[in-house]
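coords-v7.pdb, holding PDB, C-alpha atoms, pLDDT in the B column:
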```pdb
ATOM      1  CA  MET A1219     -23.486  -6.209  -5.876  1.00 79.00           C
ATOM      2  CA  GLN A1220     -20.622  -4.272  -4.392  1.00 84.00           C
ATOM      3  CA  CYS A1221     -18.765  -1.394  -6.029  1.00 89.00           C
ATOM      4  CA  THR A1222     -15.264  -0.183  -5.200  1.00 90.00           C
ATOM      5  CA  LEU A1223     -13.376   2.694  -6.805  1.00 93.00           C
ATOM      6  CA  PHE A1224      -9.652   2.034  -7.176  1.00 93.00           C
ATOM      7  CA  GLU A1225      -7.663   5.165  -7.934  1.00 93.00           C
ATOM      8  CA  LYS A1226      -3.926   5.481  -8.500  1.00 92.00           C
ATOM      9  CA  SER A1227      -2.180   8.760  -9.196  1.00 89.00           C
ATOM     10  CA  GLU A1228       1.188  10.380  -8.622  1.00 86.00           C
ATOM     11  CA  SER A1229       0.181  11.199  -5.017  1.00 88.00           C
ATOM     12  CA  VAL A1230      -1.830   8.009  -4.273  1.00 89.00           C
ATOM     13  CA  ASN A1231       0.152   4.985  -5.355  1.00 92.00           C
ATOM     14  CA  TRP A1232       0.385   1.437  -4.029  1.00 90.00           C
ATOM     15  CA  LEU A1233       1.056  -2.142  -5.014  1.00 91.00           C
ATOM     16  CA  VAL A1234      -0.964  -5.228  -4.175  1.00 91.00           C
ATOM     17  CA  PRO A1235       0.774  -8.625  -3.984  1.00 90.00           C
ATOM     18  CA  VAL A1236      -0.639 -11.601  -5.860  1.00 90.00           C
ATOM     19  CA  HIS A1237      -3.871 -12.792  -4.238  1.00 92.00           C
ATOM     20  CA  GLN A1238      -7.408 -14.056  -4.707  1.00 95.00           C
ATOM     21  CA  ASP A1239     -10.475 -12.085  -3.582  1.00 95.00           C
ATOM     22  CA  LEU A1240     -11.887 -14.399  -0.920  1.00 95.00           C
ATOM     23  CA  SER A1241     -14.079 -12.077   1.198  1.00 95.00           C
ATOM     24  CA  ILE A1242     -17.531 -10.730   0.432  1.00 94.00           C
ATOM     25  CA  PRO A1243     -19.620  -7.952   2.031  1.00 92.00           C
ATOM     26  CA  VAL A1244     -22.466  -9.304   4.184  1.00 93.00           C
ATOM     27  CA  ARG A1245     -25.310  -7.786   6.189  1.00 93.00           C
ATOM     28  CA  GLU A1246     -24.282  -9.151   9.599  1.00 94.00           C
ATOM     29  CA  HIS A1247     -21.920 -11.480  11.475  1.00 95.00           C
ATOM     30  CA  LEU A1248     -23.268 -15.031  11.890  1.00 93.00           C
ATOM     31  CA  ASP A1249     -21.817 -18.075  13.586  1.00 90.00           C
ATOM     32  CA  ALA A1250     -22.238 -20.791  10.974  1.00 90.00           C
ATOM     33  CA  GLU A1251     -20.164 -23.679   9.710  1.00 89.00           C
ATOM     34  CA  GLY A1252     -18.216 -22.962   6.531  1.00 89.00           C
ATOM     35  CA  LEU A1253     -17.896 -19.211   7.162  1.00 95.00           C
ATOM     36  CA  ARG A1254     -14.424 -17.997   8.107  1.00 94.00           C
ATOM     37  CA  GLY A1255     -12.149 -14.965   8.089  1.00 95.00           C
ATOM     38  CA  TRP A1256     -14.695 -12.534   9.534  1.00 97.00           C
ATOM     39  CA  SER A1257     -13.588  -8.892   9.496  1.00 97.00           C
ATOM     40  CA  LEU A1258     -15.316  -5.637  10.365  1.00 96.00           C
ATOM     41  CA  LYS A1259     -14.283  -2.705   8.178  1.00 92.00           C
ATOM     42  CA  GLU A1260     -15.565   0.861   8.158  1.00 89.00           C
ATOM     43  CA  ASP A1261     -18.334  -0.042   5.710  1.00 85.00           C
ATOM     44  CA  GLY A1262     -19.458  -3.271   7.425  1.00 91.00           C
ATOM     45  CA  TRP A1263     -18.872  -7.008   7.800  1.00 95.00           C
ATOM     46  CA  TYR A1264     -16.888  -9.210   5.391  1.00 95.00           C
ATOM     47  CA  VAL A1265     -16.584 -12.992   5.414  1.00 96.00           C
ATOM     48  CA  GLN A1266     -14.949 -15.754   3.410  1.00 96.00           C
ATOM     49  CA  PRO A1267     -17.889 -17.880   2.203  1.00 95.00           C
ATOM     50  CA  PRO A1268     -17.726 -21.510   1.061  1.00 94.00           C
ATOM     51  CA  LEU A1269     -15.823 -22.212  -2.164  1.00 95.00           C
ATOM     52  CA  ALA A1270     -19.095 -22.899  -4.029  1.00 93.00           C
ATOM     53  CA  VAL A1271     -20.105 -19.247  -3.522  1.00 94.00           C
ATOM     54  CA  LEU A1272     -16.719 -17.879  -4.616  1.00 95.00           C
ATOM     55  CA  GLU A1273     -16.831 -20.012  -7.776  1.00 95.00           C
ATOM     56  CA  GLN A1274     -20.109 -18.348  -8.839  1.00 95.00           C
ATOM     57  CA  MET A1275     -18.888 -14.780  -8.445  1.00 96.00           C
ATOM     58  CA  VAL A1276     -17.880 -12.391 -11.222  1.00 97.00           C
ATOM     59  CA  ALA A1277     -16.095  -9.047 -11.048  1.00 97.00           C
ATOM     60  CA  VAL A1278     -16.359  -6.369 -13.732  1.00 98.00           C
ATOM     61  CA  ARG A1279     -13.609  -3.736 -13.752  1.00 97.00           C
ATOM     62  CA  LEU A1280     -14.612  -0.640 -15.728  1.00 98.00           C
ATOM     63  CA  HIS A1281     -11.631   1.566 -16.644  1.00 98.00           C
ATOM     64  CA  LEU A1282     -12.347   5.285 -16.376  1.00 98.00           C
ATOM     65  CA  ASP A1283      -8.843   6.169 -17.613  1.00 97.00           C
ATOM     66  CA  ASP A1284      -6.279   4.593 -19.917  1.00 96.00           C
ATOM     67  CA  CYS A1285      -4.067   2.053 -18.153  1.00 96.00           C
ATOM     68  CA  GLY A1286      -0.727   1.376 -19.821  1.00 95.00           C
ATOM     69  CA  ALA A1287       2.277  -0.581 -18.607  1.00 94.00           C
ATOM     70  CA  GLY A1288       3.481   2.325 -16.431  1.00 93.00           C
ATOM     71  CA  ASP A1289       0.085   3.035 -14.833  1.00 94.00           C
ATOM     72  CA  GLY A1290       0.085   0.237 -12.250  1.00 93.00           C
ATOM     73  CA  PRO A1291      -2.009  -2.224 -14.264  1.00 95.00           C
ATOM     74  CA  LEU A1292      -3.607  -5.401 -13.033  1.00 96.00           C
ATOM     75  CA  TYR A1293      -1.628  -8.594 -13.672  1.00 96.00           C
ATOM     76  CA  VAL A1294      -3.477 -11.916 -13.801  1.00 95.00           C
ATOM     77  CA  VAL A1295      -2.527 -15.605 -13.939  1.00 94.00           C
ATOM     78  CA  PRO A1296      -4.813 -17.004 -16.671  1.00 94.00           C
ATOM     79  CA  GLY A1297      -6.801 -20.082 -15.647  1.00 92.00           C
ATOM     80  CA  SER A1298      -5.818 -19.876 -11.969  1.00 93.00           C
ATOM     81  CA  HIS A1299      -9.462 -19.396 -10.939  1.00 94.00           C
ATOM     82  CA  THR A1300     -10.170 -23.019 -11.878  1.00 93.00           C
ATOM     83  CA  GLN A1301      -7.827 -24.343  -9.163  1.00 92.00           C
ATOM     84  CA  GLY A1302      -9.821 -23.252  -6.097  1.00 93.00           C
ATOM     85  CA  VAL A1303      -8.215 -21.463  -3.181  1.00 94.00           C
ATOM     86  CA  ILE A1304      -4.424 -21.558  -3.546  1.00 92.00           C
ATOM     87  CA  SER A1305      -1.823 -20.861  -0.847  1.00 87.00           C
ATOM     88  CA  ALA A1306       0.183 -17.624  -0.991  1.00 80.00           C
ATOM     89  CA  GLN A1307       3.390 -19.604  -1.597  1.00 82.00           C
ATOM     90  CA  ASP A1308       1.905 -21.488  -4.561  1.00 86.00           C
ATOM     91  CA  ALA A1309       0.370 -18.274  -5.886  1.00 83.00           C
ATOM     92  CA  ALA A1310       3.751 -16.511  -5.905  1.00 81.00           C
ATOM     93  CA  ALA A1311       5.238 -19.397  -7.904  1.00 84.00           C
ATOM     94  CA  MET A1312       2.442 -19.089 -10.493  1.00 86.00           C
ATOM     95  CA  ARG A1313       3.414 -15.490 -11.301  1.00 86.00           C
ATOM     96  CA  VAL A1314       5.775 -16.686 -14.039  1.00 84.00           C
ATOM     97  CA  HIS A1315       2.631 -17.204 -16.149  1.00 87.00           C
ATOM     98  CA  GLU A1316       1.002 -13.797 -15.497  1.00 94.00           C
ATOM     99  CA  ASP A1317      -0.278 -11.342 -18.103  1.00 96.00           C
ATOM    100  CA  ALA A1318      -0.672  -7.558 -17.800  1.00 96.00           C
ATOM    101  CA  CYS A1319      -4.202  -6.221 -18.363  1.00 97.00           C
ATOM    102  CA  LEU A1320      -3.667  -2.976 -20.248  1.00 97.00           C
ATOM    103  CA  ALA A1321      -6.781  -0.973 -21.069  1.00 97.00           C
ATOM    104  CA  LYS A1322      -8.204   2.141 -22.674  1.00 98.00           C
ATOM    105  CA  ALA A1323     -10.742   4.368 -20.935  1.00 98.00           C
ATOM    106  CA  GLY A1324     -14.132   2.659 -21.267  1.00 98.00           C
ATOM    107  CA  ASP A1325     -12.715  -0.869 -21.476  1.00 98.00           C
ATOM    108  CA  ALA A1326     -14.133  -3.495 -19.118  1.00 98.00           C
ATOM    109  CA  LEU A1327     -12.307  -6.510 -17.733  1.00 97.00           C
ATOM    110  CA  VAL A1328     -14.504  -9.393 -16.564  1.00 98.00           C
ATOM    111  CA  MET A1329     -12.841 -11.798 -14.146  1.00 97.00           C
ATOM    112  CA  ARG A1330     -13.537 -14.376 -11.475  1.00 97.00           C
ATOM    113  CA  PRO A1331     -12.446 -13.197  -8.003  1.00 94.00           C
ATOM    114  CA  LEU A1332     -10.623 -16.534  -7.548  1.00 96.00           C
ATOM    115  CA  LEU A1333      -8.320 -15.518 -10.424  1.00 96.00           C
ATOM    116  CA  HIS A1334      -4.848 -14.812  -9.049  1.00 94.00           C
ATOM    117  CA  HIS A1335      -4.126 -11.154  -9.594  1.00 95.00           C
ATOM    118  CA  ARG A1336      -1.881  -8.355  -8.397  1.00 93.00           C
ATOM    119  CA  SER A1337      -1.230  -4.705  -9.118  1.00 93.00           C
ATOM    120  CA  SER A1338       2.070  -2.875  -9.433  1.00 89.00           C
ATOM    121  CA  LYS A1339       2.784   0.712  -8.453  1.00 92.00           C
ATOM    122  CA  SER A1340       2.381   3.342 -11.126  1.00 92.00           C
ATOM    123  CA  THR A1341       5.708   4.615 -12.476  1.00 91.00           C
ATOM    124  CA  GLY A1342       4.321   7.686 -14.232  1.00 84.00           C
ATOM    125  CA  ALA A1343       2.282  10.791 -13.487  1.00 86.00           C
ATOM    126  CA  SER A1344      -0.985   9.540 -14.948  1.00 89.00           C
ATOM    127  CA  ARG A1345      -4.239   8.853 -13.139  1.00 92.00           C
ATOM    128  CA  ARG A1346      -5.751   5.351 -13.162  1.00 94.00           C
ATOM    129  CA  ARG A1347      -9.322   4.968 -11.929  1.00 96.00           C
ATOM    130  CA  VAL A1348     -11.221   1.690 -12.067  1.00 97.00           C
ATOM    131  CA  LEU A1349     -14.763   0.938 -10.897  1.00 97.00           C
ATOM    132  CA  HIS A1350     -14.764  -2.650  -9.614  1.00 95.00           C
ATOM    133  CA  PHE A1351     -18.252  -4.213  -9.523  1.00 94.00           C
ATOM    134  CA  LEU A1352     -18.644  -7.537  -7.716  1.00 93.00           C
ATOM    135  CA  TYR A1353     -21.601  -9.810  -8.530  1.00 93.00           C
ATOM    136  CA  GLY A1354     -22.573 -13.062  -6.839  1.00 92.00           C
ATOM    137  CA  PRO A1355     -25.445 -15.494  -6.377  1.00 92.00           C
ATOM    138  CA  ALA A1356     -28.734 -14.030  -5.113  1.00 87.00           C
ATOM    139  CA  SER A1357     -29.275 -16.953  -2.751  1.00 86.00           C
ATOM    140  CA  MET A1358     -26.572 -17.579  -0.153  1.00 89.00           C
ATOM    141  CA  PRO A1359     -25.885 -20.586   2.139  1.00 88.00           C
ATOM    142  CA  GLN A1360     -25.780 -20.706   5.969  1.00 87.00           C
ATOM    143  CA  GLY A1361     -28.184 -17.771   6.322  1.00 89.00           C
ATOM    144  CA  ILE A1362     -25.750 -15.110   5.143  1.00 91.00           C
ATOM    145  CA  GLU A1363     -27.121 -12.206   3.143  1.00 91.00           C
ATOM    146  CA  TRP A1364     -25.384  -9.750   0.864  1.00 90.00           C
ATOM    147  CA  ARG A1365     -24.980  -6.286   2.266  1.00 87.00           C
ATOM    148  CA  GLU A1366     -27.341  -4.454  -0.052  1.00 71.00           C
ATOM    149  CA  GLN A1367     -26.348  -1.198  -1.575  1.00 55.00           C
ATOM    150  CA  GLU A1368     -28.976   1.296  -2.653  1.00 51.00           C
ATOM    151  CA  GLY A1369     -28.572   2.543  -6.237  1.00 49.00           C
ATOM    152  CA  VAL A1370     -24.932   2.406  -7.271  1.00 51.00           C
ATOM    153  CA  SER A1371     -23.327   5.522  -8.673  1.00 50.00           C
ATOM    154  CA  TYR A1372     -19.763   6.756  -9.004  1.00 53.00           C
ATOM    155  CA  GLU A1373     -20.205   8.644  -5.720  1.00 55.00           C
ATOM    156  CA  SER A1374     -21.608   5.640  -3.840  1.00 56.00           C
ATOM    157  CA  CYS A1375     -18.728   3.287  -4.664  1.00 64.00           C
ATOM    158  CA  ARG A1376     -16.474   2.497  -1.731  1.00 63.00           C
ATOM    159  CA  HIS A1377     -13.232   4.432  -2.379  1.00 63.00           C
ATOM    160  CA  ASN A1378     -10.103   2.334  -1.961  1.00 63.00           C
ATOM    161  CA  ASN A1379      -6.683   3.880  -2.440  1.00 57.00           C
TER
END
```

As structure tokens, how would this structure be written, given the file I've shared?
Amino acid sequence: MQCTLFEKSESVNWLVPVHQDLSIPVREHLDAEGLRGWSLKEDGWYVQPPLAVLEQMVAVRLHLDDCGAGDGPLYVVPGSHTQGVISAQDAAAMRVHEDACLAKAGDALVMRPLLHHRSSKSTGASRRRVLHFLYGPASMPQGIEWREQEGVSYESCRHNN
């Protein structure tokens, strides 16, 4: 499991174009067939695993604050996760079918990381915090291992803003 804290406020505000979450946190870099897109970030290695791994993953987004239309909500393209990895050009065209995911504090959104999603900038002065938990299969192919995280708490989540 991986945890990331997403926080938008009047002073920390960004948008994310439509995309799929294709990379996962792993223990170490390995040269193996089917693994691509290696990147080293401040908290460790990430890789794009085979499609079969991505199809088994689930993300749970726990809203710590209300998220209305002006709070930079997540927008999703329903059913897009069933179409595998989709090019950026095709993903942009699919946006005509997107839905906004508005939420109250305490609400949870469960989604597949292959679901096409994006986030707009906040237009108000509110604060929007979301804990994003990523779950995947315990057994991984090609010798890759999840980067384990000792007990997860609000403080231990990777902060992304």

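Here the question is which of A:Ala1310, A:Leu1248, A:Leu1352, A:Ala1343 gets nearest to Val1236 of chain A using all atoms listed in the file, and that residue is A:Ala1310.
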
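Distance annotation: of A:Leu1258, A:Val1230, A:Gln1307, A:Val1276, the residue with the minimal separation from Leu1327 of chain A is A:Val1276; atom set is all atoms listed in the file.
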
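Distances here use all atoms listed in the file; by that measure, the residue among A:Val1294, A:Leu1240, A:Met1329, A:Val1303 closest to Asp1317 of chain A is A:Val1294.
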
Can you pull out every residue within 8 Å of Arg1245 of chain A, counting all atoms listed in the file, but drop anything in the same chain fewer than 6 positions away, and send it as a JSON list (two decimals) with C-alpha atoms, in the coordinates of the input?
```json
[["chain", "number", "residue", "atom", "x", "y", "z"],
["A", 1262, "GLY", "CA", -19.46, -3.27, 7.42],
["A", 1263, "TRP", "CA", -18.87, -7.01, 7.80],
["A", 1362, "ILE", "CA", -25.75, -15.11, 5.14],
["A", 1363, "GLU", "CA", -27.12, -12.21, 3.14],
["A", 1364, "TRP", "CA", -25.38, -9.75, 0.86],
["A", 1365, "ARG", "CA", -24.98, -6.29, 2.27],
["A", 1366, "GLU", "CA", -27.34, -4.45, -0.05]]
```

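Nearest to Leu1233 of chain A of all the residues A:Trp1256, A:Tyr1293, A:Phe1351, A:Tyr1264 is A:Tyr1293, based on only C-alpha atoms.
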
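Taking atom CA of Ser1357 of chain A and atom CA of His1247 of chain A as the two end points, the separation is 16.9 Å.
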
Item to check | Close residues, Leu1320 of chain A itself excluded, 10 Å, all atoms listed in the file, min 5 positions apart in chain, as a PyMOL selection string | outcome: chain A and resi 1281+1284-1293+1325+1327

Item to check | Spatial neighbours of Ala1270 of chain A, max dist 12 Å, only C-alpha atoms, sep filter under 6 positions, as number ranges by chain | outcome: A: 1240, 1252-1253, 1300, 1302-1303, 1332, 1354-1355, 1357-1359

Can you spit out the residues from that selection as a compact mmCIF listing (two decimals), keeping the file's coordinate frame, using C-alpha atoms?
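The result, written out as again_16.txt:
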```txt
# COMPACT_ATOMS: atom_id res chain seq x y z
CA LEU A 1240 -11.89 -14.40 -0.92
CA GLY A 1252 -18.22 -22.96 6.53
CA LEU A 1253 -17.90 -19.21 7.16
CA THR A 1300 -10.17 -23.02 -11.88
CA GLY A 1302 -9.82 -23.25 -6.10
CA VAL A 1303 -8.22 -21.46 -3.18
CA LEU A 1332 -10.62 -16.53 -7.55
CA GLY A 1354 -22.57 -13.06 -6.84
CA PRO A 1355 -25.44 -15.49 -6.38
CA SER A 1357 -29.28 -16.95 -2.75
CA MET A 1358 -26.57 -17.58 -0.15
CA PRO A 1359 -25.88 -20.59 2.14
```

Please return the centre and edge lengths, in Å to one decimal, of a box with edges along x, y and z that contains all listed atoms of segment 1300-1305 of chain A, widened by 3 Å on every side, as lines of an AutoDock Vina configuration file.
```
center_x = -6.0
center_y = -22.6
center_z = -6.4
size_x = 14.3
size_y = 9.5
size_z = 17.0
```

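What separates atom CA of Val1348 of chain A from atom CA of Leu1280 of chain A is a distance of 5.5 Å.
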
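Against this structure, the PyMOL selection byres ((chain A and resi 1267) around 8) ends up with Leu1240, Ser1241, Ile1242, Gly1252, Leu1253, Arg1254, Val1265, Gln1266, Pro1268, Leu1269, Val1271 and Leu1272 of chain A.
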
Go ahead and save the picked residues with C-alpha atoms, as a short mmCIF file (atom, residue, chain, number, x, y, z; two decimals), keeping the file's coordinate frame.
```cif
data_model
loop_
_atom_site.label_atom_id
_atom_site.label_comp_id
_atom_site.auth_asym_id
_atom_site.auth_seq_id
_atom_site.Cartn_x
_atom_site.Cartn_y
_atom_site.Cartn_z
CA LEU A 1240 -11.89 -14.40 -0.92
CA SER A 1241 -14.08 -12.08 1.20
CA ILE A 1242 -17.53 -10.73 0.43
CA GLY A 1252 -18.22 -22.96 6.53
CA LEU A 1253 -17.90 -19.21 7.16
CA ARG A 1254 -14.42 -18.00 8.11
CA VAL A 1265 -16.58 -12.99 5.41
CA GLN A 1266 -14.95 -15.75 3.41
CA PRO A 1268 -17.73 -21.51 1.06
CA LEU A 1269 -15.82 -22.21 -2.16
CA VAL A 1271 -20.10 -19.25 -3.52
CA LEU A 1272 -16.72 -17.88 -4.62
#
```

Item to check | Expected selection from the PyMOL selection byres ((chain A and resi 1301) around 12), given as a PyMOL selection string | outcome: chain A and resi 1238+1269+1272-1273+1295-1300+1302-1305+1308-1309+1312+1330+1332-1334

Next on the checklist: I'd like to know which of A:Ala1306, A:Ala1318, A:Val1244, A:Ala1326 is closest to Val1278 of chain A, using only C-alpha atoms.
Outcome noted: A:Ala1326

Checklist outcome for this item: Counting only C-alpha atoms, the residue among A:His1315, A:Lys1322, A:Met1275, A:Thr1341 that lies closest to Asp1239 of chain A is A:Met1275

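The space between atom CA of Arg1345 of chain A and atom CA of Asn1231 of chain A spans 9.7 Å.
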
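With all atoms listed in the file taken into account, every residue lying no more than 10 Å from the file point (-1.3, -3.1, -1.7) is included here: Asn1231, Trp1232, Leu1233, Val1234, Pro1235, Val1236, Arg1336, Ser1337, Ser1338, Lys1339 and Asn1379 of chain A.
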